[in-house]
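*Asks:* The following block contains the structure, expressed as structure tokens.
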Amino acid sequence: MTTPLILLVLMTAPYLIVRAYASATKRPIDGRHAASVGAGLLFVFTGVGHFVETESMLQMLPPWVPYRGLLVYATGLLEFAIAVGFFVPTTRRATGWIAIGLLVLFFPVNVYAALNRIEMGGHSWGPAYLLIRAPLQVIILLWIYWFAVRAPRIGRTSHDAA
């Protein structure tokens, strides 16, 4: 059940560190960049899971899904590509939209895993786990939208952009 906490820490830590540094030094910051780096770290972590916890990931997919092993590895690679996209400022906005779409597409897999009590990342709790997973998913989606997708307001400094 520590996975949701790890995800939140990875996602928010770069932003919080940069904001604290900016506050202490009274220097302007690019909060959007730091927050996007955090989103990238989140996707590195989840991408690694596809290669380290492959068997558990396979169980999260319904049996009727074809090429389940290939799909687990391919989505892990896709998550790595998304992470890189968040690290590169020129690709960040498009990457944000791709990440949001992917998270929406993946959510039914989490529902299936929770309903079938798969021994992976809290899903063994059953449907109650969705009370944690669904809000976490919304937080991640909003984070990505706010810091990577949404156009910054014109006339604001980089310090204010966050």
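By order of appearance in the structure tokens: chains A, B, ..., then residues from 1 within every chain, and ligands from 1 in the order shown.
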Write out as a VMD selection string which residues come within 12 Å of Ile132 (chain A) when counting only C-alpha atoms, dropping same-chain ones fewer than 2 positions away.
*Replies:* chain A and resid 1 to 5 110 to 111 114 121 to 123 125 to 130 134 to 139
*Asks:* Find the residues near Val18 (chain A): any atom within 10 Å, counting only C-alpha atoms, skip ones fewer than 4 places away on the same chain, and give them as a PyMOL selection string.
*Replies:* chain A and resi 13-14+22-24+28-31+33-35
*Asks:* Since we have the selection now, will you write its residues out, keeping N, CA and C atoms, as a PDB file, in the first residue's frame?
*Replies:*
ATOM      1  N   ALA A  13       7.877  16.011  -5.073  1.00  0.00           N
ATOM      2  CA  ALA A  13       9.136  16.414  -4.431  1.00  0.00           C
ATOM      3  C   ALA A  13       9.938  17.445  -5.224  1.00  0.00           C
ATOM      4  N   PRO A  14      10.163  17.262  -6.526  1.00  0.00           N
ATOM      5  CA  PRO A  14      10.948  18.289  -7.243  1.00  0.00           C
ATOM      6  C   PRO A  14      10.303  19.672  -7.159  1.00  0.00           C
ATOM      7  N   ALA A  22      13.310  28.580  -3.835  1.00  0.00           N
ATOM      8  CA  ALA A  22      12.951  29.912  -4.334  1.00  0.00           C
ATOM      9  C   ALA A  22      12.500  30.813  -3.200  1.00  0.00           C
ATOM     10  N   SER A  23      11.763  30.254  -2.285  1.00  0.00           N
ATOM     11  CA  SER A  23      11.293  31.042  -1.146  1.00  0.00           C
ATOM     12  C   SER A  23      12.461  31.468  -0.261  1.00  0.00           C
ATOM     13  N   ALA A  24      13.401  30.559  -0.047  1.00  0.00           N
ATOM     14  CA  ALA A  24      14.550  30.860   0.812  1.00  0.00           C
ATOM     15  C   ALA A  24      15.500  31.857   0.172  1.00  0.00           C
ATOM     16  N   PRO A  28      13.333  33.852  -8.609  1.00  0.00           N
ATOM     17  CA  PRO A  28      12.223  33.289  -9.391  1.00  0.00           C
ATOM     18  C   PRO A  28      12.543  31.852  -9.815  1.00  0.00           C
ATOM     19  N   ILE A  29      11.517  31.064  -9.975  1.00  0.00           N
ATOM     20  CA  ILE A  29      11.698  29.664 -10.355  1.00  0.00           C
ATOM     21  C   ILE A  29      10.773  29.302 -11.510  1.00  0.00           C
ATOM     22  N   ASP A  30      11.066  28.177 -12.107  1.00  0.00           N
ATOM     23  CA  ASP A  30      10.173  27.600 -13.097  1.00  0.00           C
ATOM     24  C   ASP A  30       9.478  26.421 -12.423  1.00  0.00           C
ATOM     25  N   GLY A  31       8.422  26.691 -11.723  1.00  0.00           N
ATOM     26  CA  GLY A  31       7.695  25.655 -10.999  1.00  0.00           C
ATOM     27  C   GLY A  31       7.097  24.625 -11.939  1.00  0.00           C
ATOM     28  N   HIS A  33       8.391  23.530 -14.702  1.00  0.00           N
ATOM     29  CA  HIS A  33       9.452  22.594 -15.082  1.00  0.00           C
ATOM     30  C   HIS A  33       9.675  21.569 -13.971  1.00  0.00           C
ATOM     31  N   ALA A  34       9.798  22.013 -12.746  1.00  0.00           N
ATOM     32  CA  ALA A  34      10.032  21.102 -11.629  1.00  0.00           C
ATOM     33  C   ALA A  34       8.876  20.121 -11.458  1.00  0.00           C
ATOM     34  N   ALA A  35       7.650  20.607 -11.604  1.00  0.00           N
ATOM     35  CA  ALA A  35       6.480  19.733 -11.484  1.00  0.00           C
ATOM     36  C   ALA A  35       6.444  18.704 -12.610  1.00  0.00           C
TER      37      ALA A  35
END
*Asks:* Can you tell me how far CA of Pro63 (chain A) sits from CA of Phe107 (chain A), in Å to one decimal?
*Replies:*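 For CA of Pro63 (chain A) relative to CA of Phe107 (chain A), the distance reads 16.8 Å.
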*Asks:* When distances are computed from only C-alpha atoms, which of A:Thr95, A:Thr25, A:Thr12, A:Thr54 shows the smallest separation from Thr75 (chain A)?
*Replies:*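 Closest to Thr75 (chain A) of all the choices is A:Thr54.
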*Asks:* Using CA of Trp143 (chain A) and CA of Arg93 (chain A) as the two end points, give the distance in Å to one decimal.
*Replies:*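 Between CA of Trp143 (chain A) and CA of Arg93 (chain A) the gap works out to 12.5 Å.
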*Asks:* Just the number, please: distance in Å from CA of Phe87 (chain A) to CA of Met11 (chain A), one decimal.
*Replies:*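 According to the coordinates, CA of Phe87 (chain A) and CA of Met11 (chain A) are separated by 12.7 Å.
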*Asks:* I need the residues in chain A that are alpha helix (DSSP H) according to DSSP; give them as a VMD selection string.
*Replies:* chain A and resid 3 to 25 31 to 52 54 to 60 68 to 87 92 to 115 130 to 144 158 to 161
*Asks:* Residues near Tyr112 (chain A), anyone? I mean within 10 Å using only C-alpha atoms, not counting same-chain ones fewer than 3 positions away, as an mmCIF file with N, CA and C atoms, in the first residue's frame.
*Replies:*
data_model
loop_
_atom_site.group_PDB
_atom_site.id
_atom_site.type_symbol
_atom_site.label_atom_id
_atom_site.label_comp_id
_atom_site.auth_asym_id
_atom_site.auth_seq_id
_atom_site.Cartn_x
_atom_site.Cartn_y
_atom_site.Cartn_z
ATOM 1 N N GLN A 59 -1.171 -10.499 -14.422
ATOM 2 C CA GLN A 59 -2.394 -10.898 -13.726
ATOM 3 C C GLN A 59 -3.420 -9.768 -13.679
ATOM 4 N N MET A 60 -2.951 -8.533 -13.792
ATOM 5 C CA MET A 60 -3.870 -7.393 -13.765
ATOM 6 C C MET A 60 -4.699 -7.300 -15.038
ATOM 7 N N LEU A 61 -4.245 -7.958 -16.093
ATOM 8 C CA LEU A 61 -4.963 -7.921 -17.370
ATOM 9 C C LEU A 61 -5.948 -9.086 -17.454
ATOM 10 N N PRO A 62 -7.135 -8.840 -17.960
ATOM 11 C CA PRO A 62 -8.090 -9.945 -18.138
ATOM 12 C C PRO A 62 -7.507 -11.014 -19.068
ATOM 13 N N PHE A 107 -7.077 2.964 -16.440
ATOM 14 C CA PHE A 107 -7.902 2.870 -15.234
ATOM 15 C C PHE A 107 -8.773 1.613 -15.199
ATOM 16 N N PRO A 108 -9.389 1.189 -16.296
ATOM 17 C CA PRO A 108 -10.181 -0.048 -16.238
ATOM 18 C C PRO A 108 -9.358 -1.274 -15.820
ATOM 19 N N VAL A 109 -8.070 -1.287 -16.135
ATOM 20 C CA VAL A 109 -7.211 -2.392 -15.697
ATOM 21 C C VAL A 109 -7.110 -2.385 -14.177
ATOM 22 N N LEU A 115 -11.192 -5.639 -8.471
ATOM 23 C CA LEU A 115 -12.349 -6.537 -8.372
ATOM 24 C C LEU A 115 -11.919 -7.997 -8.257
ATOM 25 N N ASN A 116 -10.747 -8.316 -8.819
ATOM 26 C CA ASN A 116 -10.238 -9.689 -8.769
ATOM 27 C C ASN A 116 -9.158 -9.876 -7.710
ATOM 28 N N ARG A 117 -8.947 -8.850 -6.887
ATOM 29 C CA ARG A 117 -8.015 -8.905 -5.756
ATOM 30 C C ARG A 117 -6.624 -9.421 -6.149
ATOM 31 N N ILE A 118 -6.066 -8.813 -7.196
ATOM 32 C CA ILE A 118 -4.733 -9.186 -7.675
ATOM 33 C C ILE A 118 -3.695 -8.698 -6.664
ATOM 34 N N HIS A 123 -4.160 -3.785 -4.864
ATOM 35 C CA HIS A 123 -5.370 -4.323 -5.486
ATOM 36 C C HIS A 123 -5.958 -5.485 -4.697
ATOM 37 N N GLY A 126 -9.212 -5.384 -2.805
ATOM 38 C CA GLY A 126 -10.492 -5.489 -3.487
ATOM 39 C C GLY A 126 -11.028 -4.123 -3.876
ATOM 40 N N PRO A 127 -12.343 -4.038 -4.066
ATOM 41 C CA PRO A 127 -12.948 -2.779 -4.523
ATOM 42 C C PRO A 127 -12.653 -1.581 -3.623
#
